[in-house]
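The file final.pdb contains PDB, C-alpha atoms:
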ATOM      1  CA  MET A1488    -151.636 137.964  91.108
ATOM      2  CA  THR A1489    -152.722 141.558  90.777
ATOM      3  CA  ASP A1490    -153.663 143.745  93.685
ATOM      4  CA  SER A1491    -156.461 145.507  91.811
ATOM      5  CA  ALA A1492    -160.047 144.415  92.291
ATOM      6  CA  PRO A1493    -161.659 142.342  89.550
ATOM      7  CA  ILE A1494    -163.524 144.426  86.980
ATOM      8  CA  LEU A1495    -167.112 143.434  86.290
ATOM      9  CA  GLN A1496    -168.883 144.909  83.277
ATOM     10  CA  PHE A1497    -172.307 144.390  81.763
ATOM     11  CA  ALA A1498    -173.024 145.326  78.167
ATOM     12  CA  THR A1499    -175.991 144.919  75.887
ATOM     13  CA  ALA A1500    -175.452 143.033  72.663
ATOM     14  CA  GLU A1501    -175.470 146.317  70.716
ATOM     15  CA  ASP A1502    -172.877 147.884  73.003
ATOM     16  CA  ALA A1503    -170.692 144.795  72.705
ATOM     17  CA  LEU A1504    -170.875 145.037  68.912
ATOM     18  CA  GLN A1505    -169.895 148.715  69.009
ATOM     19  CA  SER A1506    -166.915 148.263  71.295
ATOM     20  CA  CYS A1507    -165.111 145.681  69.241
ATOM     21  CA  ASN A1508    -161.962 147.694  68.625
ATOM     22  CA  ARG A1509    -159.062 145.296  68.487
ATOM     23  CA  ARG A1510    -155.335 145.625  68.230
ATOM     24  CA  LEU A1511    -153.534 143.529  65.639
ATOM     25  CA  VAL A1512    -152.045 141.366  68.359
ATOM     26  CA  ASP A1513    -155.547 140.595  69.609
ATOM     27  CA  VAL A1514    -156.623 139.531  66.124
ATOM     28  CA  VAL A1515    -153.641 137.180  65.787
ATOM     29  CA  ASP A1516    -154.312 135.900  69.278
ATOM     30  CA  ALA A1517    -157.932 135.190  68.394
ATOM     31  CA  LEU A1518    -156.985 133.454  65.149
ATOM     32  CA  LEU A1519    -154.548 131.177  66.954
ATOM     33  CA  SER A1520    -157.119 130.504  69.631
ATOM     34  CA  GLN A1521    -159.666 129.350  67.038
ATOM     35  CA  GLY A1522    -157.128 127.680  64.731
ATOM     36  CA  ILE A1523    -156.214 128.250  61.103
ATOM     37  CA  ALA A1524    -156.140 125.617  58.351
ATOM     38  CA  ILE A1525    -154.321 126.438  55.132
ATOM     39  CA  ARG A1526    -154.290 124.114  52.129
ATOM     40  CA  GLY A1527    -152.386 124.857  48.963
ATOM     41  CA  GLU A1528    -151.396 123.047  45.767
ATOM     42  CA  LEU A1529    -148.798 124.038  43.225
ATOM     43  CA  TRP A1530    -148.223 122.278  39.903
ATOM     44  CA  LEU A1531    -145.148 123.065  37.865
ATOM     45  CA  THR A1532    -145.852 122.207  34.258
ATOM     46  CA  VAL A1533    -143.802 122.644  31.104
ATOM     47  CA  ALA A1534    -145.348 122.073  27.683
ATOM     48  CA  ASP A1535    -148.333 120.325  29.235
ATOM     49  CA  VAL A1536    -146.061 117.910  31.068
ATOM     50  CA  ASP A1537    -146.513 117.875  34.835
ATOM     51  CA  LEU A1538    -143.092 118.033  36.411
ATOM     52  CA  VAL A1539    -143.528 118.909  40.066
ATOM     53  CA  PHE A1540    -146.427 118.874  42.478
ATOM     54  CA  LEU A1541    -146.145 120.735  45.734
ATOM     55  CA  GLY A1542    -148.876 120.163  48.291
ATOM     56  CA  LEU A1543    -149.185 122.020  51.535
ATOM     57  CA  ASP A1544    -151.482 121.310  54.486
ATOM     58  CA  LEU A1545    -150.860 123.589  57.391
ATOM     59  CA  LEU A1546    -152.767 123.650  60.659
ATOM     60  CA  LEU A1547    -151.877 126.393  63.078
ATOM     61  CA  ALA A1548    -153.656 126.476  66.427
ATOM     62  CA  ASN A1549    -153.354 126.736  70.138
ATOM     63  CA  PRO A1550    -152.655 123.194  71.496
ATOM     64  CA  ASP A1551    -155.432 123.553  74.062
ATOM     65  CA  ARG A1552    -157.888 124.123  71.247
ATOM     66  CA  LEU A1553    -156.717 121.014  69.366
ATOM     67  CA  GLN A1554    -156.976 118.848  72.459
ATOM     68  CA  ARG A1555    -160.595 119.861  72.900
ATOM     69  CA  THR A1556    -161.458 119.385  69.236
ATOM     70  CA  VAL A1557    -159.848 116.061  68.361
ATOM     71  CA  PRO A1558    -162.159 113.208  69.431
ATOM     72  CA  ASP A1559    -160.828 110.700  71.905
ATOM     73  CA  THR A1560    -160.064 107.507  70.006
ATOM     74  CA  ALA A1561    -158.848 105.543  73.017
TER      75      ALA A1561
ATOM     76  CA  MET B 855    -180.695 138.869  49.222
ATOM     77  CA  ILE B 856    -178.802 136.751  51.757
ATOM     78  CA  PRO B 857    -180.453 134.215  54.097
ATOM     79  CA  ILE B 858    -179.856 135.250  57.700
ATOM     80  CA  GLY B 859    -182.119 132.921  59.647
ATOM     81  CA  LEU B 860    -185.216 130.780  59.970
ATOM     82  CA  ALA B 861    -188.553 131.353  61.653
ATOM     83  CA  ARG B 862    -191.734 129.430  62.145
ATOM     84  CA  GLU B 863    -193.941 132.329  61.241
ATOM     85  CA  GLY B 864    -194.535 135.899  62.199
ATOM     86  CA  PRO B 865    -193.744 139.330  60.890
ATOM     87  CA  VAL B 866    -190.428 140.065  59.268
ATOM     88  CA  LEU B 867    -188.704 143.328  59.904
ATOM     89  CA  SER B 868    -188.494 145.527  56.788
ATOM     90  CA  PRO B 869    -186.483 145.529  54.552
ATOM     91  CA  CYS B 870    -185.937 141.832  55.216
ATOM     92  CA  CYS B 871    -188.275 139.371  53.575
ATOM     93  CA  ALA B 872    -189.342 135.794  54.249
ATOM     94  CA  LEU B 873    -189.416 132.999  51.691
ATOM     95  CA  SER B 874    -191.827 130.242  52.581
ATOM     96  CA  CYS B 875    -190.437 126.714  52.412
ATOM     97  CA  ALA B 876    -192.145 123.588  53.741
ATOM     98  CA  GLY B 877    -193.904 125.530  56.464
ATOM     99  CA  LEU B 878    -190.806 127.424  57.560
ATOM    100  CA  HIS B 879    -189.786 130.970  56.782
ATOM    101  CA  LEU B 880    -186.344 131.582  55.384
ATOM    102  CA  VAL B 881    -185.597 135.140  56.471
ATOM    103  CA  CYS B 882    -183.427 137.027  53.981
ATOM    104  CA  ALA B 883    -181.802 140.446  54.127
ATOM    105  CA  PRO B 884    -180.621 142.749  51.346
ATOM    106  CA  ARG B 885    -177.022 142.024  50.426
ATOM    107  CA  ALA B 886    -176.108 145.659  51.011
ATOM    108  CA  MET B 887    -177.219 145.408  54.649
ATOM    109  CA  ALA B 888    -175.775 141.969  55.370
ATOM    110  CA  GLY B 889    -172.367 142.213  53.754
ATOM    111  CA  ASP B 890    -170.277 141.242  56.785
ATOM    112  CA  ALA B 891    -170.698 139.161  59.912
ATOM    113  CA  ARG B 892    -171.139 142.142  62.228
ATOM    114  CA  SER B 893    -173.906 143.557  60.043
ATOM    115  CA  ARG B 894    -175.618 140.188  60.057
ATOM    116  CA  VAL B 895    -175.459 140.046  63.867
ATOM    117  CA  ARG B 896    -177.161 143.462  63.990
ATOM    118  CA  LEU B 897    -179.889 142.133  61.719
ATOM    119  CA  HIS B 898    -180.202 139.035  63.906
ATOM    120  CA  LEU B 899    -180.722 141.192  67.006
ATOM    121  CA  ALA B 900    -183.409 143.219  65.270
ATOM    122  CA  ALA B 901    -185.131 140.118  63.886
ATOM    123  CA  MET B 902    -184.976 138.413  67.282
ATOM    124  CA  ARG B 903    -186.873 141.301  68.869
ATOM    125  CA  HIS B 904    -189.378 141.436  66.044
ATOM    126  CA  CYS B 905    -190.177 137.743  65.688
ATOM    127  CA  GLU B 906    -190.070 135.441  68.683
ATOM    128  CA  THR B 907    -189.517 132.259  66.677
ATOM    129  CA  PHE B 908    -186.546 133.647  64.734
ATOM    130  CA  LEU B 909    -183.293 131.687  64.877
ATOM    131  CA  PRO B 910    -180.200 133.028  63.112
ATOM    132  CA  LEU B 911    -177.874 131.232  60.781
ATOM    133  CA  PRO B 912    -174.201 131.446  61.818
ATOM    134  CA  PRO B 913    -173.086 135.069  61.338
ATOM    135  CA  ALA B 914    -170.010 134.033  59.366
ATOM    136  CA  ALA B 915    -172.009 131.880  56.950
ATOM    137  CA  VAL B 916    -173.086 133.189  53.572
ATOM    138  CA  ILE B 917    -175.445 130.714  51.926
ATOM    139  CA  ALA B 918    -177.061 131.012  48.517
ATOM    140  CA  ILE B 919    -180.848 131.253  48.623
ATOM    141  CA  ASP B 920    -181.423 128.196  46.424
ATOM    142  CA  GLU B 921    -179.122 126.095  48.618
ATOM    143  CA  ALA B 922    -180.833 127.337  51.760
ATOM    144  CA  LEU B 923    -184.260 126.524  50.346
ATOM    145  CA  ALA B 924    -183.114 123.032  49.347
ATOM    146  CA  TRP B 925    -181.694 122.554  52.843
ATOM    147  CA  CYS B 926    -185.024 123.625  54.406
ATOM    148  CA  GLY B 927    -186.838 121.168  52.177
ATOM    149  CA  ARG B 928    -184.577 118.266  53.157
ATOM    150  CA  ARG B 929    -184.434 118.991  56.888
ATOM    151  CA  THR B 930    -187.807 120.526  57.625
ATOM    152  CA  ASN B 931    -188.616 118.495  60.730
ATOM    153  CA  ALA B 932    -185.188 118.810  62.343
ATOM    154  CA  LEU B 933    -185.077 122.546  61.673
ATOM    155  CA  ALA B 934    -188.583 123.042  63.035
ATOM    156  CA  GLU B 935    -187.621 121.165  66.206
ATOM    157  CA  GLU B 936    -184.552 123.360  66.645
ATOM    158  CA  ILE B 937    -186.694 126.484  66.230
ATOM    159  CA  ASP B 938    -189.201 125.188  68.773
ATOM    160  CA  ARG B 939    -186.399 124.318  71.214
ATOM    161  CA  LEU B 940    -184.509 127.588  71.024
ATOM    162  CA  GLY B 941    -186.760 130.173  69.411
ATOM    163  CA  ARG B 942    -187.763 131.810  72.684
ATOM    164  CA  GLN B 943    -184.394 131.402  74.359
ATOM    165  CA  ARG B 944    -181.606 133.920  74.753
ATOM    166  CA  GLN B 945    -177.895 133.609  75.301
ATOM    167  CA  LEU B 946    -175.910 135.508  77.904
ATOM    168  CA  THR B 947    -172.171 135.373  77.450
ATOM    169  CA  VAL B 948    -169.684 135.687  80.278
ATOM    170  CA  SER B 949    -166.091 136.324  79.246
ATOM    171  CA  ALA B 950    -163.552 136.213  82.045
ATOM    172  CA  ARG B 951    -159.893 137.079  81.698
ATOM    173  CA  LEU B 952    -157.378 135.285  83.821
ATOM    174  CA  VAL B 953    -155.550 137.060  86.558
ATOM    175  CA  ALA B 954    -152.132 137.916  85.143
ATOM    176  CA  PRO B 955    -149.848 135.115  86.331
ATOM    177  CA  SER B 956    -147.005 136.047  88.607
ATOM    178  CA  LEU B 957    -143.876 135.320  86.657
ATOM    179  CA  PRO B 958    -140.993 134.080  88.772
ATOM    180  CA  ASP B 959    -137.426 134.527  87.700
ATOM    181  CA  ALA B 960    -137.567 131.071  86.184
ATOM    182  CA  ALA B 961    -139.872 132.455  83.473
ATOM    183  CA  GLU B 962    -136.816 133.946  81.874
ATOM    184  CA  THR B 963    -135.705 130.433  81.017
ATOM    185  CA  GLY B 964    -137.319 128.009  78.591
ATOM    186  CA  ALA B 965    -138.367 125.663  81.376
ATOM    187  CA  GLY B 966    -139.875 128.556  83.304
ATOM    188  CA  TRP B 967    -141.810 129.654  80.255
ATOM    189  CA  LEU B 968    -143.189 126.136  79.814
ATOM    190  CA  ARG B 969    -144.144 125.978  83.481
ATOM    191  CA  ALA B 970    -145.887 129.344  83.189
ATOM    192  CA  ARG B 971    -147.882 128.065  80.188
ATOM    193  CA  ARG B 972    -148.803 124.878  82.020
ATOM    194  CA  ASP B 973    -149.931 126.866  85.053
ATOM    195  CA  ALA B 974    -151.949 129.221  82.868
ATOM    196  CA  SER B 975    -153.682 126.271  81.200
ATOM    197  CA  ALA B 976    -154.558 124.749  84.580
ATOM    198  CA  HIS B 977    -155.740 128.148  85.786
ATOM    199  CA  ARG B 978    -157.984 128.491  82.724
ATOM    200  CA  ALA B 979    -159.513 125.057  83.388
ATOM    201  CA  ARG B 980    -160.189 125.999  87.029
ATOM    202  CA  LEU B 981    -161.819 129.247  85.965
ATOM    203  CA  ARG B 982    -163.985 127.429  83.422
ATOM    204  CA  THR B 983    -165.132 124.980  86.101
ATOM    205  CA  VAL B 984    -165.914 127.723  88.619
ATOM    206  CA  LEU B 985    -167.913 129.777  86.109
ATOM    207  CA  THR B 986    -169.748 126.732  84.818
ATOM    208  CA  GLN B 987    -170.790 125.681  88.310
ATOM    209  CA  MET B 988    -171.776 129.233  89.180
ATOM    210  CA  MET B 989    -173.949 129.614  86.099
ATOM    211  CA  SER B 990    -175.390 126.125  85.737
ATOM    212  CA  LEU B 991    -177.924 126.892  88.451
ATOM    213  CA  LEU B 992    -179.366 129.642  86.257
ATOM    214  CA  GLY B 993    -179.789 127.750  82.991
ATOM    215  CA  GLU B 994    -178.131 125.493  80.453
ATOM    216  CA  VAL B 995    -174.430 126.222  80.124
ATOM    217  CA  ARG B 996    -172.037 125.710  77.252
ATOM    218  CA  CYS B 997    -168.354 126.606  77.258
ATOM    219  CA  ILE B 998    -166.454 127.569  74.173
ATOM    220  CA  PRO B 999    -162.853 128.738  73.861
ATOM    221  CA  GLY B1000    -162.525 132.430  74.531
ATOM    222  CA  ARG B1001    -161.540 134.778  71.726
ATOM    223  CA  LEU B1002    -158.232 135.419  73.441
ATOM    224  CA  GLN B1003    -155.701 132.991  74.886
ATOM    225  CA  ASP B1004    -156.151 134.214  78.448
ATOM    226  CA  GLU B1005    -159.928 134.304  78.297
ATOM    227  CA  VAL B1006    -162.628 131.824  79.225
ATOM    228  CA  GLN B1007    -166.068 132.136  77.688
ATOM    229  CA  VAL B1008    -169.162 130.554  79.170
ATOM    230  CA  ASN B1009    -172.575 130.872  77.551
ATOM    231  CA  LEU B1010    -175.819 130.657  79.437
ATOM    232  CA  LEU B1011    -179.125 129.735  77.829
ATOM    233  CA  VAL B1012    -182.173 131.324  79.467
ATOM    234  CA  PRO B1013    -185.793 131.851  78.476
ATOM    235  CA  ALA B1014    -186.290 135.259  76.869
ATOM    236  CA  ALA B1015    -188.796 136.313  79.511
ATOM    237  CA  GLU B1016    -186.318 135.589  82.327
ATOM    238  CA  THR B1017    -183.352 137.421  80.874
ATOM    239  CA  HIS B1018    -183.466 140.417  83.195
ATOM    240  CA  PRO B1019    -183.877 138.466  86.473
ATOM    241  CA  VAL B1020    -181.034 136.178  85.428
ATOM    242  CA  LEU B1021    -178.830 139.168  84.575
ATOM    243  CA  HIS B1022    -179.526 140.566  88.035
ATOM    244  CA  GLU B1023    -178.687 137.218  89.631
ATOM    245  CA  LEU B1024    -175.487 137.009  87.596
ATOM    246  CA  HIS B1025    -174.523 140.461  88.809
ATOM    247  CA  GLU B1026    -175.034 139.385  92.395
ATOM    248  CA  ARG B1027    -172.912 136.288  91.943
ATOM    249  CA  LEU B1028    -170.108 137.798  89.886
ATOM    250  CA  ARG B1029    -169.694 141.100  91.711
ATOM    251  CA  ILE B1030    -168.296 139.258  94.677
ATOM    252  CA  GLY B1031    -165.372 138.689  92.387
ATOM    253  CA  ASP B1032    -162.979 135.845  92.489
ATOM    254  CA  ALA B1033    -159.248 135.539  92.754
ATOM    255  CA  LEU B1034    -159.358 133.598  89.505
ATOM    256  CA  TRP B1035    -160.229 136.442  87.144
ATOM    257  CA  SER B1036    -159.066 139.981  86.630
ATOM    258  CA  ALA B1037    -161.962 141.146  84.493
ATOM    259  CA  CYS B1038    -165.350 139.702  83.720
ATOM    260  CA  THR B1039    -167.711 140.940  81.037
ATOM    261  CA  VAL B1040    -171.313 139.868  80.627
ATOM    262  CA  THR B1041    -172.894 140.599  77.258
ATOM    263  CA  GLY B1042    -176.320 139.919  75.867
ATOM    264  CA  PRO B1043    -179.019 138.976  75.443
ATOM    265  CA  TRP B1044    -177.893 137.389  72.174
ATOM    266  CA  PRO B1045    -179.644 134.909  69.964
ATOM    267  CA  PRO B1046    -178.600 131.465  71.234
ATOM    268  CA  TYR B1047    -175.643 131.184  68.854
ATOM    269  CA  ALA B1048    -173.642 128.740  70.962
ATOM    270  CA  PHE B1049    -176.591 126.399  71.423
ATOM    271  CA  ILE B1050    -177.998 126.179  67.913
ATOM    272  CA  SER B1051    -177.112 123.003  66.091
ATOM    273  CA  TRP B1052    -178.332 123.252  62.532
ATOM    274  CA  GLU B1053    -178.520 119.996  60.624
ATOM    275  CA  THR B1054    -176.441 120.741  57.571
ATOM    276  CA  ALA B1055    -176.354 117.363  55.852
TER     277      ALA B1055
END
The structure given in the file should be rewritten as structure tokens.
Amino acid sequence: MTDSAPILQFATAEDALQSCNRRLVDVVDALLSQGIAIRGELWLTVADVDLVFLGLDLLLANPDRLQRTVPDTA
Amino acid sequence: MIPIGLAREGPVLSPCCALSCAGLHLVCAPRAMAGDARSRVRLHLAAMRHCETFLPLPPAAVIAIDEALAWCGRRTNALAEEIDRLGRQRQLTVSARLVAPSLPDAAETGAGWLRARRDASAHRARLRTVLTQMMSLLGEVRCIPGRLQDEVQVNLLVPAAETHPVLHELHERLRIGDALWSACTVTGPWPPYAFISWETA
């Protein structure tokens, strides 16, 4: 717990838009909070013959976010 | 031009224009003025003040005009109902940051770190419940995950005409403070972004 009193601020929508300066760590934090889905496909082909397919599905997110998003199937 | 929202009728702020479709107005803005999400939010705020039935499309969405017109044609009734439901409503957003957790010596270990995360998650849930109860007496409430991990965001839907009294009431309730949060920011009035449910099918 902190000893300092809670800070309460009110801002108009325009002021909130203006004061959106973020550090990089905040941006990464926000991305993880919302979740990131990355899908990629790589085909290795020689002389029109498909040799290797590499598929990638990557979901990166805060577990709390996933628990709220995935519907309850029970 | 880029579609930025829908309206029943009414004047459109220059240099935006309105394309009529099945009785609705598809409000469009010049591409140069609506190139990014923040610019579109600024346009939404201006349009909201200018036309009381205006409802914005999601700020991050960029939709082609022909697709938007086809969508309006397919979903006219549902879209009109959404405009009627929310067109004169505003959103106030309360973002509260958790009190920094006290980290015992055990936090230096893996188990301590896990316990700290578990405690923070429980703390966030408590904060969400407290804010929701506090605000639900003032209007419809919807929670969404905060932008940051240690933040809780609660959105309040209020009639446009009651925005200022509700802001005053919020100030009275929140200024008392609570041991649960270290900082609390109230922003708005916004268009009711968190409450709009556009039929996209």
Next on the checklist: As an exercise, work out the distance from atom CA of B:Ile998 to atom CA of B:Pro1043 in Å and give it to one decimal place.
Outcome noted: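 Distance reported for this atom pair: 17.0 Å.
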- Message: With the ChimeraX specification (/A :<10) & /B as the selection, what would be picked from this file? Answer as a ChimeraX atom specification, please.
- Response: /B:892-893,895-896,899,946-957,975,998-1005,1021,1024-1025,1028-1045
Could you pull the residues within 8 Å of stretch 1524-1535 of chain A, counting all atoms listed in the file, minus those fewer than 6 positions along the same chain, as a PDB file with C-alpha atoms, in the coordinates of the input?
ATOM      1  CA  LEU A1541    -146.145 120.735  45.734  1.00  0.00           C
ATOM      2  CA  GLY A1542    -148.876 120.163  48.291  1.00  0.00           C
ATOM      3  CA  LEU A1543    -149.185 122.020  51.535  1.00  0.00           C
ATOM      4  CA  ASP A1544    -151.482 121.310  54.486  1.00  0.00           C
ATOM      5  CA  LEU A1545    -150.860 123.589  57.391  1.00  0.00           C
ATOM      6  CA  LEU A1546    -152.767 123.650  60.659  1.00  0.00           C
ATOM      7  CA  LEU A1547    -151.877 126.393  63.078  1.00  0.00           C
TER       8      LEU A1547
END
Report as a PyMOL selection string all protein, DNA and RNA residues lying within 9 Å of stretch 883-886 of chain B, evaluated on all atoms listed in the file, omitting residues in the same chain fewer than 3 positions from it. chain B and resi 855-858+868-872+889+894+897
Residues matched by the PyMOL selection byres ((chain B and resi 916-931) around 12), written as a CSV table (one decimal) with C-alpha atoms, in the frame of the given file:
chain,number,residue,atom,x,y,z
B,855,MET,CA,-180.7,138.9,49.2
B,856,ILE,CA,-178.8,136.8,51.8
B,857,PRO,CA,-180.5,134.2,54.1
B,858,ILE,CA,-179.9,135.2,57.7
B,859,GLY,CA,-182.1,132.9,59.6
B,860,LEU,CA,-185.2,130.8,60.0
B,861,ALA,CA,-188.6,131.4,61.7
B,862,ARG,CA,-191.7,129.4,62.1
B,872,ALA,CA,-189.3,135.8,54.2
B,873,LEU,CA,-189.4,133.0,51.7
B,874,SER,CA,-191.8,130.2,52.6
B,875,CYS,CA,-190.4,126.7,52.4
B,876,ALA,CA,-192.1,123.6,53.7
B,877,GLY,CA,-193.9,125.5,56.5
B,878,LEU,CA,-190.8,127.4,57.6
B,879,HIS,CA,-189.8,131.0,56.8
B,880,LEU,CA,-186.3,131.6,55.4
B,881,VAL,CA,-185.6,135.1,56.5
B,882,CYS,CA,-183.4,137.0,54.0
B,883,ALA,CA,-181.8,140.4,54.1
B,884,PRO,CA,-180.6,142.7,51.3
B,885,ARG,CA,-177.0,142.0,50.4
B,888,ALA,CA,-175.8,142.0,55.4
B,889,GLY,CA,-172.4,142.2,53.8
B,890,ASP,CA,-170.3,141.2,56.8
B,891,ALA,CA,-170.7,139.2,59.9
B,894,ARG,CA,-175.6,140.2,60.1
B,910,PRO,CA,-180.2,133.0,63.1
B,911,LEU,CA,-177.9,131.2,60.8
B,912,PRO,CA,-174.2,131.4,61.8
B,913,PRO,CA,-173.1,135.1,61.3
B,914,ALA,CA,-170.0,134.0,59.4
B,915,ALA,CA,-172.0,131.9,57.0
B,932,ALA,CA,-185.2,118.8,62.3
B,933,LEU,CA,-185.1,122.5,61.7
B,934,ALA,CA,-188.6,123.0,63.0
B,935,GLU,CA,-187.6,121.2,66.2
B,936,GLU,CA,-184.6,123.4,66.6
B,937,ILE,CA,-186.7,126.5,66.2
B,938,ASP,CA,-189.2,125.2,68.8
B,1052,TRP,CA,-178.3,123.3,62.5
B,1053,GLU,CA,-178.5,120.0,60.6
B,1054,THR,CA,-176.4,120.7,57.6
B,1055,ALA,CA,-176.4,117.4,55.9
Translate the PyMOL selection byres ((chain B and resi 903-908) around 6) into a concrete residue list for this structure, as a PyMOL selection string.
chain B and resi 860-862+864+900-902+909+941-942
Rounded to one decimal, what separation in Å do you get between atom CA of B:Cys997 and atom CA of B:Pro1046?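 So the two atoms, atom CA of B:Cys997 and atom CA of B:Pro1046, lie 12.8 Å apart.
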**Asked** To one decimal place, how far is atom CA of B:Thr1017 from atom CA of B:Gln945 in Å?
**Response**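 Calculated distance between atom CA of B:Thr1017 and atom CA of B:Gln945 is 8.7 Å.
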Take the point (-169.9, 125.5, 76.0) as written in the file and pick out every residue within 8 Å of it, counting only C-alpha atoms; give the list as an mmCIF file with C-alpha atoms, keeping the file's coordinate frame.
data_model
loop_
_atom_site.group_PDB
_atom_site.id
_atom_site.type_symbol
_atom_site.label_atom_id
_atom_site.label_comp_id
_atom_site.auth_asym_id
_atom_site.auth_seq_id
_atom_site.Cartn_x
_atom_site.Cartn_y
_atom_site.Cartn_z
ATOM 1 C CA VAL B 995 -174.430 126.222 80.124
ATOM 2 C CA ARG B 996 -172.037 125.710 77.252
ATOM 3 C CA CYS B 997 -168.354 126.606 77.258
ATOM 4 C CA ILE B 998 -166.454 127.569 74.173
ATOM 5 C CA GLN B 1007 -166.068 132.136 77.688
ATOM 6 C CA VAL B 1008 -169.162 130.554 79.170
ATOM 7 C CA ASN B 1009 -172.575 130.872 77.551
ATOM 8 C CA ALA B 1048 -173.642 128.740 70.962
#
Min atom-atom distance to B:Tyr1047 from the set B:Thr963, B:Ser990, B:Thr983, B:Gln943, counting all atoms listed in the file, belongs to B:Gln943
For this session: Choose the residue, out of B:His1018, B:Arg1027, B:Trp967, B:Leu985, that has the smallest atom-to-atom separation from B:Val1006; count all atoms listed in the file.
Result: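 When distances to B:Val1006 are compared using all atoms listed in the file, the smallest one comes from B:Leu985.
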